[in-house]
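**Q** There's a structure below that I have some questions on.
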Amino acid sequence: MKIKLEHLTKRFPNRTKNKPDVIAVNDFNIEIPDGKLVGLLGPSGCGKSTALNLISGLETPSEGKIFFDDDDVTDIPPELRGVGLVFQSYALYPHLTVLQNITFPLENLKGNKKLSKEQMRSKAEEAAKLVQIDGLLERKPSELSGGQQQRVAIARALVKRPRVLLLDEPLSNLDARLRLHTREEIRRIQRETGITTVFVTHDQEEAMSISDVIVVMKDGVIQQVDKPQTVYDDPTNLFVAKFLGTPAINVFVGSVKKGRLFIGDDDVLPINGVDDRKVYVGVRPEGFIPDDNGGLKCKLRGVEVMGRDTSIISHHYAFEGESIRAIVSSEDAPDRDSGDIRFSLKPGKVYIFDKETEERIYPASGK
């Protein structure tokens, strides 16, 4: 099922008198391919859950259209859209068993869609087996772990074989290890079912690890749409560059002068095709090379050994933050944890952004 959003906008009245409406989703234009898992990614308040609620029908758009394949579903109520929705809070009925929770959506079917108890149980068992909780059908939610409860919620969403599966921060309430395992399970389930899935999260690692495509949002506006690795390697602006990556990209205040890139007063790289101007310089953690002759001179603050790799912590007066974090191989790590350290930079891991607009100006997109 392909999802197409055309000029989708959602406004909410401002609670402060004489203030303009709050625009939660602003002129969304996107096509989500059939059978893909798409991650809506952005900080809290960026409008990603509102966008999901618009797709599901829980919210009505102020402007724009929503299509499932060629069907305009903009004004169709949620129960008729064929969507399965999984909430952050699981929303299970505590007095019902796992089996009863899963079969609940089937009990309200009417007409030629109405099922017998045997048919409902069969479908529930099939959904439970898919999410690997078929041995827990007689338990109550209070007898389950957080990960098991989340699987019940997913099974309940899948039992009607929805055309679209919508997941609203489904892993936020799980601990780190369980979150990792459950996101792998979501990816497996999505591949097995082939259902077009939209996954909302503020966790960039989560989105990058399981999504076919990610949509990065800020203040209700789409910033970039692409494959996760492409967005990481080819960010369209400073916001996207800073939002993706662990550790985060290192951002410096710099300038371009006569074909050279400067960080502060340090001449670090030749730059072609960029006019002289003030810029922000982003360097990925893996873009630093310890080099006694390197152009970037920093104050070394510490060395963290992480096995295969080493994290070098340093500072530069033109750095926009507390500490620069460079990731290098253990063979290249310095044998001290104080004093000065110099780096040369890998050109492919250096990004230049206009100081005023924060749009990327180097390297050119696609390079």
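Identifiers in this document derive from the order of the structure tokens: chains are assigned A, B, ..., residues are numbered from 1 separately in each chain, and ligands are numbered from 1 in order of occurrence.
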Neighbouring residues of segment 229-234 of chain A were defined as those with any atom within 9 Å, considering only C-alpha atoms; residues of the same chain fewer than 2 positions away were excluded. Please report them as a CSV table (one decimal) with all heavy atoms, in the first residue's frame.

**A**
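selection-v4.csv was written with the following content:
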```csv
chain,number,residue,atom,x,y,z
A,208,MET,N,17.7,4.8,12.1
A,208,MET,CA,18.7,4.4,11.0
A,208,MET,C,18.8,2.9,11.0
A,208,MET,O,19.1,2.4,9.9
A,208,MET,CB,20.0,5.1,11.3
A,208,MET,CG,20.0,6.6,11.1
A,208,MET,SD,21.6,7.4,11.3
A,208,MET,CE,22.5,6.7,9.9
A,214,ILE,N,14.2,7.3,5.9
A,214,ILE,CA,13.9,8.2,7.0
A,214,ILE,C,13.5,9.6,6.6
A,214,ILE,O,14.0,10.1,5.6
A,214,ILE,CB,15.1,8.3,8.1
A,214,ILE,CG1,16.3,8.8,7.4
A,214,ILE,CG2,15.3,7.0,8.7
A,214,ILE,CD1,17.5,9.1,8.5
A,216,VAL,N,13.4,13.2,8.1
A,216,VAL,CA,13.9,14.1,9.2
A,216,VAL,C,13.0,15.3,9.3
A,216,VAL,O,12.9,16.0,8.2
A,216,VAL,CB,15.4,14.4,9.1
A,216,VAL,CG1,15.8,15.2,10.3
A,216,VAL,CG2,16.2,13.2,8.9
A,224,GLN,N,14.6,16.5,5.2
A,224,GLN,CA,15.3,15.6,4.3
A,224,GLN,C,14.6,14.2,4.3
A,224,GLN,O,14.2,13.8,5.3
A,224,GLN,CB,16.8,15.5,4.6
A,224,GLN,CG,17.6,14.7,3.5
A,224,GLN,CD,19.1,14.9,3.7
A,224,GLN,OE1,19.6,15.6,4.7
A,224,GLN,NE2,19.9,14.3,2.9
A,225,VAL,N,14.5,13.6,3.1
A,225,VAL,CA,14.0,12.3,3.0
A,225,VAL,C,14.9,11.5,2.1
A,225,VAL,O,15.3,11.8,1.0
A,225,VAL,CB,12.6,12.3,2.3
A,225,VAL,CG1,12.0,10.9,2.1
A,225,VAL,CG2,11.6,13.2,3.0
A,226,ASP,N,15.4,10.4,2.7
A,226,ASP,CA,16.3,9.5,1.9
A,226,ASP,C,16.6,8.3,2.7
A,226,ASP,O,16.2,8.1,3.9
A,226,ASP,CB,17.6,10.3,1.6
A,226,ASP,CG,18.1,9.9,0.2
A,226,ASP,OD1,18.1,8.7,-0.2
A,226,ASP,OD2,18.6,10.8,-0.5
A,227,LYS,N,17.5,7.4,2.1
A,227,LYS,CA,17.9,6.2,2.8
A,227,LYS,C,18.8,6.7,4.0
A,227,LYS,O,19.5,7.7,3.9
A,227,LYS,CB,18.8,5.3,1.9
A,227,LYS,CG,18.0,4.7,0.8
A,227,LYS,CD,18.9,3.9,-0.1
A,227,LYS,CE,18.1,3.3,-1.3
A,227,LYS,NZ,18.9,2.5,-2.2
A,236,THR,N,21.5,17.6,4.2
A,236,THR,CA,21.1,18.8,3.5
A,236,THR,C,21.4,20.1,4.2
A,236,THR,O,21.6,21.2,3.6
A,236,THR,CB,19.6,18.7,3.0
A,236,THR,OG1,19.4,19.8,2.1
A,236,THR,CG2,18.7,18.9,4.2
A,240,VAL,N,20.1,18.6,10.2
A,240,VAL,CA,20.2,17.2,9.8
A,240,VAL,C,21.5,16.6,10.2
A,240,VAL,O,21.6,15.5,10.8
A,240,VAL,CB,19.9,17.0,8.4
A,240,VAL,CG1,20.1,15.5,8.0
A,240,VAL,CG2,18.5,17.4,8.0
A,241,ALA,N,22.6,17.3,9.9
A,241,ALA,CA,23.9,16.8,10.2
A,241,ALA,C,24.1,16.6,11.7
A,241,ALA,O,24.7,15.7,12.2
A,241,ALA,CB,25.0,17.8,9.7
A,244,LEU,N,21.8,13.5,13.2
A,244,LEU,CA,22.2,12.1,13.0
A,244,LEU,C,23.6,11.9,13.3
A,244,LEU,O,24.5,12.7,12.9
A,244,LEU,CB,21.9,11.8,11.5
A,244,LEU,CG,20.5,11.2,11.2
A,244,LEU,CD1,19.4,12.2,11.3
A,244,LEU,CD2,20.5,10.5,9.8
A,245,GLY,N,23.9,10.8,14.0
A,245,GLY,CA,25.2,10.4,14.2
A,245,GLY,C,25.5,10.3,15.7
A,245,GLY,O,25.1,11.1,16.5
A,348,GLY,N,36.2,13.9,2.9
A,348,GLY,CA,34.9,13.3,2.8
A,348,GLY,C,34.0,13.4,4.0
A,348,GLY,O,32.8,13.1,4.0
A,349,LYS,N,34.6,13.7,5.2
A,349,LYS,CA,33.9,13.7,6.4
A,349,LYS,C,33.8,15.2,7.0
A,349,LYS,O,33.4,15.4,8.1
A,349,LYS,CB,34.6,12.9,7.5
A,349,LYS,CG,34.6,11.4,7.2
A,349,LYS,CD,33.2,10.8,7.1
A,349,LYS,CE,33.2,9.3,6.8
A,349,LYS,NZ,31.8,8.8,6.8
A,351,TYR,N,32.0,18.9,6.3
A,351,TYR,CA,30.8,19.5,5.7
A,351,TYR,C,30.8,21.0,6.1
A,351,TYR,O,31.1,21.4,7.2
A,351,TYR,CB,29.5,18.9,6.2
A,351,TYR,CG,29.4,17.4,6.0
A,351,TYR,CD1,29.9,16.5,6.9
A,351,TYR,CD2,28.9,16.9,4.8
A,351,TYR,CE1,29.8,15.2,6.7
A,351,TYR,CE2,28.9,15.5,4.5
A,351,TYR,CZ,29.3,14.7,5.5
A,351,TYR,OH,29.3,13.3,5.3
A,363,PRO,N,30.5,19.5,0.8
A,363,PRO,CA,30.5,19.3,-0.7
A,363,PRO,C,29.2,19.4,-1.3
A,363,PRO,O,28.2,19.3,-0.6
A,363,PRO,CB,31.1,17.9,-0.8
A,363,PRO,CG,30.6,17.2,0.5
A,363,PRO,CD,30.7,18.3,1.6
A,364,ALA,N,29.2,19.6,-2.6
A,364,ALA,CA,27.9,19.7,-3.3
A,364,ALA,C,27.1,18.4,-3.2
A,364,ALA,O,27.7,17.3,-3.0
A,364,ALA,CB,28.2,19.9,-4.9
A,365,SER,N,25.8,18.5,-3.1
A,365,SER,CA,25.0,17.3,-2.8
A,365,SER,C,25.2,16.2,-3.8
A,365,SER,O,25.4,16.5,-5.0
A,365,SER,CB,23.5,17.7,-2.9
A,365,SER,OG,22.7,16.6,-2.6
A,366,GLY,N,25.3,15.0,-3.3
A,366,GLY,CA,25.5,13.8,-4.1
A,366,GLY,C,27.0,13.5,-4.3
A,366,GLY,O,27.3,12.5,-4.9
A,367,LYS,N,27.9,14.3,-3.8
A,367,LYS,CA,29.3,14.0,-4.0
A,367,LYS,C,29.9,13.4,-2.7
A,367,LYS,O,29.4,13.6,-1.6
A,367,LYS,CB,30.1,15.3,-4.3
A,367,LYS,CG,29.6,15.8,-5.7
A,367,LYS,CD,30.5,17.0,-6.1
A,367,LYS,CE,30.1,17.6,-7.4
A,367,LYS,NZ,30.9,18.7,-7.8
```

**Q** Pull the closest atom pair for each residue of segment 176-255 of chain A that gets at most 12 Å from segment 116-137 of chain A, along with the distance in Å to one decimal, counting only C-alpha atoms, ordering rows by chain and then ascending residue number, as a Markdown table.

**A**
```
| residue | atom | partner | partner_atom | distance |
| --- | --- | --- | --- | --- |
| A:Thr182 | CA | A:Val131 | CA | 10.0 |
| A:Arg183 | CA | A:Val131 | CA | 11.9 |
| A:Glu184 | CA | A:Val131 | CA | 11.4 |
| A:Glu185 | CA | A:Val131 | CA | 7.6 |
| A:Ile186 | CA | A:Val131 | CA | 8.6 |
| A:Arg187 | CA | A:Val131 | CA | 11.1 |
| A:Arg188 | CA | A:Val131 | CA | 9.2 |
| A:Ile189 | CA | A:Leu130 | CA | 7.0 |
| A:Gln190 | CA | A:Leu130 | CA | 10.3 |
| A:Arg191 | CA | A:Leu130 | CA | 11.3 |
| A:Glu192 | CA | A:Leu130 | CA | 8.6 |
| A:Thr193 | CA | A:Leu130 | CA | 9.1 |
```

**Q** When DSSP works through the backbone of this structure, what residues of segment 24-115 of chain A end up as strand (DSSP E or B), shown as a compact mmCIF listing (two decimals) with N, CA, C and O atoms, in the first residue's frame?

**A**
```txt
# COMPACT_ATOMS: atom_id res chain seq x y z
N ALA A 24 1.62 22.40 13.38
CA ALA A 24 2.32 21.18 13.80
C ALA A 24 2.90 20.42 12.62
O ALA A 24 3.98 19.82 12.72
N VAL A 25 2.18 20.42 11.51
CA VAL A 25 2.66 19.81 10.26
C VAL A 25 2.48 20.85 9.17
O VAL A 25 1.39 21.39 8.98
N ASN A 26 3.56 21.13 8.45
CA ASN A 26 3.56 22.29 7.55
C ASN A 26 3.87 21.86 6.12
O ASN A 26 5.02 21.57 5.77
N ASP A 27 2.83 21.78 5.29
CA ASP A 27 2.96 21.54 3.85
C ASP A 27 3.78 20.29 3.55
O ASP A 27 4.77 20.33 2.82
N PHE A 28 3.34 19.17 4.10
CA PHE A 28 4.00 17.87 3.88
C PHE A 28 3.73 17.39 2.47
O PHE A 28 2.58 17.30 2.04
N ASN A 29 4.79 17.05 1.75
CA ASN A 29 4.66 16.40 0.45
C ASN A 29 5.62 15.22 0.42
O ASN A 29 6.84 15.41 0.40
N ILE A 30 5.06 14.02 0.44
CA ILE A 30 5.91 12.84 0.49
C ILE A 30 5.15 11.64 -0.03
O ILE A 30 3.93 11.55 0.10
N GLU A 31 5.88 10.72 -0.66
CA GLU A 31 5.30 9.46 -1.11
C GLU A 31 6.05 8.32 -0.44
O GLU A 31 7.27 8.20 -0.57
N ILE A 32 5.32 7.50 0.32
CA ILE A 32 5.90 6.37 1.04
C ILE A 32 5.66 5.12 0.19
O ILE A 32 4.52 4.74 -0.05
N LEU A 37 9.42 0.30 5.22
CA LEU A 37 9.36 0.80 6.59
C LEU A 37 10.01 2.18 6.60
O LEU A 37 11.21 2.32 6.32
N VAL A 38 9.22 3.17 6.90
CA VAL A 38 9.67 4.56 6.86
C VAL A 38 9.69 5.12 8.28
O VAL A 38 8.70 5.00 9.02
N GLY A 39 10.81 5.72 8.67
CA GLY A 39 10.94 6.32 9.99
C GLY A 39 10.71 7.82 9.94
O GLY A 39 11.36 8.51 9.16
N LEU A 40 9.77 8.31 10.76
CA LEU A 40 9.61 9.76 10.95
C LEU A 40 10.48 10.14 12.14
O LEU A 40 10.23 9.70 13.27
N LEU A 41 11.49 10.94 11.91
CA LEU A 41 12.52 11.20 12.90
C LEU A 41 12.63 12.69 13.17
O LEU A 41 12.65 13.51 12.25
N GLU A 63 -5.32 21.37 5.88
CA GLU A 63 -5.20 21.47 4.42
C GLU A 63 -4.54 20.19 3.92
O GLU A 63 -3.89 19.47 4.68
N GLY A 64 -4.70 19.94 2.63
CA GLY A 64 -3.99 18.84 2.00
C GLY A 64 -4.80 17.56 1.89
O GLY A 64 -5.94 17.46 2.35
N LYS A 65 -4.18 16.56 1.24
CA LYS A 65 -4.83 15.29 0.94
C LYS A 65 -3.96 14.13 1.38
O LYS A 65 -2.73 14.20 1.40
N ILE A 66 -4.63 12.99 1.70
CA ILE A 66 -3.96 11.75 2.05
C ILE A 66 -4.49 10.66 1.13
O ILE A 66 -5.70 10.46 1.02
N PHE A 67 -3.57 9.96 0.46
CA PHE A 67 -3.96 8.88 -0.45
C PHE A 67 -3.33 7.57 0.00
O PHE A 67 -2.15 7.52 0.36
N PHE A 68 -4.14 6.49 -0.02
CA PHE A 68 -3.64 5.13 0.09
C PHE A 68 -3.76 4.54 -1.31
O PHE A 68 -4.87 4.32 -1.80
N ASP A 71 -6.58 5.82 -3.61
CA ASP A 71 -7.79 6.15 -2.86
C ASP A 71 -7.56 7.36 -1.96
O ASP A 71 -6.64 7.38 -1.14
N ASP A 72 -8.41 8.38 -2.12
CA ASP A 72 -8.36 9.56 -1.26
C ASP A 72 -9.04 9.21 0.07
O ASP A 72 -10.27 9.01 0.11
N VAL A 83 -6.01 0.73 8.88
CA VAL A 83 -4.72 0.96 9.51
C VAL A 83 -4.64 0.21 10.84
O VAL A 83 -5.65 -0.01 11.51
N GLY A 84 -3.43 -0.19 11.19
CA GLY A 84 -3.16 -0.74 12.51
C GLY A 84 -2.26 0.23 13.24
O GLY A 84 -1.25 0.68 12.68
N LEU A 85 -2.64 0.60 14.46
CA LEU A 85 -1.92 1.64 15.19
C LEU A 85 -1.40 1.09 16.52
O LEU A 85 -2.17 0.50 17.29
N VAL A 86 -0.10 1.26 16.76
CA VAL A 86 0.52 0.82 18.00
C VAL A 86 1.01 2.05 18.74
O VAL A 86 1.80 2.83 18.21
```

**Q** For Leu300 of chain A, work out the shell of residues within 6 Å, counting only C-alpha atoms and skipping chain neighbours fewer than 6 positions away, then give it as a list of chain:residue names.

**A**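 Neighbouring residues, sequence-local ones excluded: A:Ser314, A:Ser338, A:Gly339, A:Asp340, A:Ile341.
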
**Q** The selected residues should be written to file as a CSV table (one decimal), in the first residue's frame (atoms: N, CA and C atoms).

**A**
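The file below, out09.csv, is the result:
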```csv
chain,number,residue,atom,x,y,z
A,314,SER,N,39.1,16.4,23.0
A,314,SER,CA,39.9,17.6,22.9
A,314,SER,C,39.1,18.9,22.8
A,338,SER,N,47.0,14.7,27.8
A,338,SER,CA,47.0,16.1,28.0
A,338,SER,C,48.1,16.7,27.1
A,339,GLY,N,48.0,18.1,27.0
A,339,GLY,CA,48.9,18.8,26.1
A,339,GLY,C,48.2,19.1,24.8
A,340,ASP,N,49.0,19.4,23.7
A,340,ASP,CA,48.4,19.8,22.4
A,340,ASP,C,48.4,18.5,21.5
A,341,ILE,N,47.4,18.5,20.6
A,341,ILE,CA,47.3,17.5,19.6
A,341,ILE,C,46.9,18.1,18.3
```

**Q** Counting only C-alpha atoms, which of A:Lys48, A:Asn53, A:Glu356, A:Leu92 gets nearest to Leu144 of chain A?

**A** A:Leu92

**Q** I'd like to know which of A:Ile249, A:Ile263, A:Val198, A:Leu345 is closest to Gly287 of chain A, using only C-alpha atoms.

**A** A:Leu345

**Q** Taking 3 positions as the minimum chain separation for residues in the same chain, which residues sit within 10 Å of segment 252-261 of chain A when counting only C-alpha atoms? Answer as a VMD selection string.

**A** chain A and resid 249 264 to 283 316 to 321 324 352 to 355

**Q** Using only C-alpha atoms for the distances, tell me which of A:His202, A:His181, A:Lys160, A:Arg284 is nearest to Pro247 of chain A.

**A**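 Selected residue with least distance to Pro247 of chain A: A:Arg284.
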
**Q** Measure the distance from atom CA of Leu238 of chain A to atom CA of Phe12 of chain A in Å and round it to one decimal.

**A**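 Going from atom CA of Leu238 of chain A over to atom CA of Phe12 of chain A covers 28.0 Å.
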
**Q** Which neighbours of Thr201 of chain A fall inside 12 Å, counting only C-alpha atoms, when residues of the same chain fewer than 3 positions from it are skipped, and could you give them as a compact mmCIF listing (two decimals) with C-alpha atoms, in the first residue's frame?

**A**
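The result, stored in out.txt:
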```txt
# COMPACT_ATOMS: atom_id res chain seq x y z
CA VAL A 38 9.67 4.56 6.86
CA GLY A 39 10.94 6.32 9.99
CA LEU A 40 9.61 9.76 10.95
CA LEU A 41 12.52 11.20 12.90
CA GLY A 42 12.90 14.44 14.82
CA PRO A 43 13.06 16.05 18.26
CA SER A 44 10.08 16.26 20.59
CA GLY A 45 7.50 18.72 19.29
CA CYS A 46 8.57 18.51 15.65
CA GLY A 47 5.16 17.21 14.51
CA LYS A 48 5.99 13.57 13.76
CA SER A 49 3.22 12.09 15.97
CA LEU A 52 1.10 9.84 12.09
CA PHE A 87 0.88 3.38 20.79
CA GLN A 88 3.84 4.16 23.02
CA LEU A 166 1.60 2.88 12.23
CA LEU A 167 3.95 2.79 15.22
CA ASP A 168 4.13 5.81 17.55
CA GLU A 169 7.39 5.63 19.54
CA PRO A 170 6.72 1.97 20.40
CA LEU A 171 10.06 1.37 22.13
CA SER A 172 10.31 4.40 24.41
CA ARG A 183 13.36 -3.07 17.14
CA VAL A 198 5.46 4.23 9.41
CA GLN A 204 18.17 8.55 15.40
CA GLU A 205 20.00 5.27 16.00
CA GLU A 206 16.65 3.49 16.19
CA ALA A 207 15.43 5.06 12.95
CA MET A 208 18.65 4.44 11.05
CA SER A 209 18.92 0.80 12.12
CA ILE A 210 15.54 -0.45 10.87
CA SER A 211 14.15 2.07 8.35
CA ILE A 214 13.90 8.17 7.04
CA VAL A 215 12.08 11.50 7.07
CA VAL A 216 13.87 14.07 9.21
CA MET A 217 11.54 16.74 10.61
```

**Q** Tell me, which residues of segment 201-365 of chain A carry DSSP alpha helix (DSSP H), written as a list in words?

**A**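 Matching residues for alpha helix (DSSP H) in segment 201-365 of chain A are Gln204, Glu205, Glu206, Ala207, Met208, Ser209, Ile210, Pro228, Gln229, Thr230, Val231, Tyr232, Asp233, Leu238, Phe239, Val240, Ala241, Lys242 and Phe243 of chain A.
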
**Q** May I have the residues from that selection written out with C-alpha atoms, as an mmCIF file, in the first residue's frame?

**A**
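Below is the file that was written, selection.cif:
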```cif
data_model
loop_
_atom_site.group_PDB
_atom_site.id
_atom_site.type_symbol
_atom_site.label_atom_id
_atom_site.label_comp_id
_atom_site.auth_asym_id
_atom_site.auth_seq_id
_atom_site.Cartn_x
_atom_site.Cartn_y
_atom_site.Cartn_z
ATOM 1 C CA GLN A 204 18.167 8.545 15.397
ATOM 2 C CA GLU A 205 20.000 5.271 16.005
ATOM 3 C CA GLU A 206 16.653 3.487 16.189
ATOM 4 C CA ALA A 207 15.433 5.065 12.949
ATOM 5 C CA MET A 208 18.655 4.438 11.049
ATOM 6 C CA SER A 209 18.919 0.803 12.118
ATOM 7 C CA ILE A 210 15.536 -0.447 10.874
ATOM 8 C CA PRO A 228 19.494 6.373 6.345
ATOM 9 C CA GLN A 229 23.110 6.106 5.188
ATOM 10 C CA THR A 230 22.549 8.742 2.505
ATOM 11 C CA VAL A 231 21.129 11.193 5.043
ATOM 12 C CA TYR A 232 24.151 10.564 7.294
ATOM 13 C CA ASP A 233 26.672 10.942 4.464
ATOM 14 C CA LEU A 238 23.252 21.771 9.719
ATOM 15 C CA PHE A 239 20.204 20.566 11.642
ATOM 16 C CA VAL A 240 20.178 17.204 9.847
ATOM 17 C CA ALA A 241 23.945 16.842 10.219
ATOM 18 C CA LYS A 242 23.745 17.484 13.970
ATOM 19 C CA PHE A 243 20.705 15.280 14.532
#
```

**Q** Would you pick out the contacts of Leu54 of chain A at 9 Å or less, using only C-alpha atoms, so that residues sharing its chain but fewer than 3 positions from it are not included, and give the list as a ChimeraX atom specification?

**A** /A:8,10,49-51,57-61,66,74

**Q** Write the residues of the selection above to a file with N, CA, C and O atoms, as an mmCIF file, in the first residue's frame.

**A**
```cif
data_model
loop_
_atom_site.group_PDB
_atom_site.id
_atom_site.type_symbol
_atom_site.label_atom_id
_atom_site.label_comp_id
_atom_site.auth_asym_id
_atom_site.auth_seq_id
_atom_site.Cartn_x
_atom_site.Cartn_y
_atom_site.Cartn_z
ATOM 1 N N LEU A 8 0.063 18.420 3.002
ATOM 2 C CA LEU A 8 -0.614 18.129 4.267
ATOM 3 C C LEU A 8 -0.183 19.125 5.344
ATOM 4 O O LEU A 8 1.009 19.291 5.622
ATOM 5 N N LYS A 10 -1.399 20.786 9.333
ATOM 6 C CA LYS A 10 -2.261 20.736 10.507
ATOM 7 C C LYS A 10 -1.959 21.912 11.420
ATOM 8 O O LYS A 10 -0.833 22.097 11.878
ATOM 9 N N SER A 49 4.403 12.832 15.508
ATOM 10 C CA SER A 49 3.223 12.089 15.969
ATOM 11 C C SER A 49 1.943 12.666 15.369
ATOM 12 O O SER A 49 1.005 11.918 15.063
ATOM 13 N N THR A 50 1.906 13.968 15.189
ATOM 14 C CA THR A 50 0.742 14.578 14.535
ATOM 15 C C THR A 50 0.616 14.076 13.109
ATOM 16 O O THR A 50 -0.488 13.769 12.639
ATOM 17 N N ALA A 51 1.736 13.973 12.396
ATOM 18 C CA ALA A 51 1.710 13.445 11.033
ATOM 19 C C ALA A 51 1.169 12.022 11.020
ATOM 20 O O ALA A 51 0.363 11.647 10.149
ATOM 21 N N GLY A 57 -6.054 8.977 10.697
ATOM 22 C CA GLY A 57 -7.406 9.526 10.746
ATOM 23 C C GLY A 57 -7.815 10.024 12.118
ATOM 24 O O GLY A 57 -8.927 10.517 12.297
ATOM 25 N N LEU A 58 -6.915 9.906 13.107
ATOM 26 C CA LEU A 58 -7.229 10.416 14.447
ATOM 27 C C LEU A 58 -7.235 11.945 14.483
ATOM 28 O O LEU A 58 -7.832 12.540 15.373
ATOM 29 N N GLU A 59 -6.524 12.562 13.550
ATOM 30 C CA GLU A 59 -6.556 14.015 13.397
ATOM 31 C C GLU A 59 -7.037 14.339 11.985
ATOM 32 O O GLU A 59 -6.767 13.590 11.031
ATOM 33 N N THR A 60 -7.729 15.452 11.854
ATOM 34 C CA THR A 60 -8.215 15.911 10.549
ATOM 35 C C THR A 60 -7.300 17.012 10.034
ATOM 36 O O THR A 60 -7.014 17.973 10.759
ATOM 37 N N PRO A 61 -6.809 16.919 8.816
ATOM 38 C CA PRO A 61 -5.894 17.951 8.313
ATOM 39 C C PRO A 61 -6.584 19.288 8.123
ATOM 40 O O PRO A 61 -7.765 19.354 7.792
ATOM 41 N N ILE A 66 -4.628 12.993 1.701
ATOM 42 C CA ILE A 66 -3.962 11.748 2.051
ATOM 43 C C ILE A 66 -4.490 10.656 1.130
ATOM 44 O O ILE A 66 -5.703 10.462 1.020
ATOM 45 N N THR A 74 -8.681 11.106 2.894
ATOM 46 C CA THR A 74 -8.601 12.293 3.752
ATOM 47 C C THR A 74 -9.799 12.419 4.685
ATOM 48 O O THR A 74 -9.649 12.761 5.865
#
```

**Q** Find, counting only C-alpha atoms, the residue in A:Thr103, A:Thr196, A:Thr310, A:Asn18 that gets nearest to Ala333 of chain A.

**A**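 Using only C-alpha atoms, Ala333 of chain A sits closest to A:Thr310.
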
**Q** Enter the distance from atom CA of Ile313 of chain A to atom CA of Ala326 of chain A, in Å, rounded to one decimal.

**A**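 Between atom CA of Ile313 of chain A and atom CA of Ala326 of chain A the gap works out to 6.6 Å.
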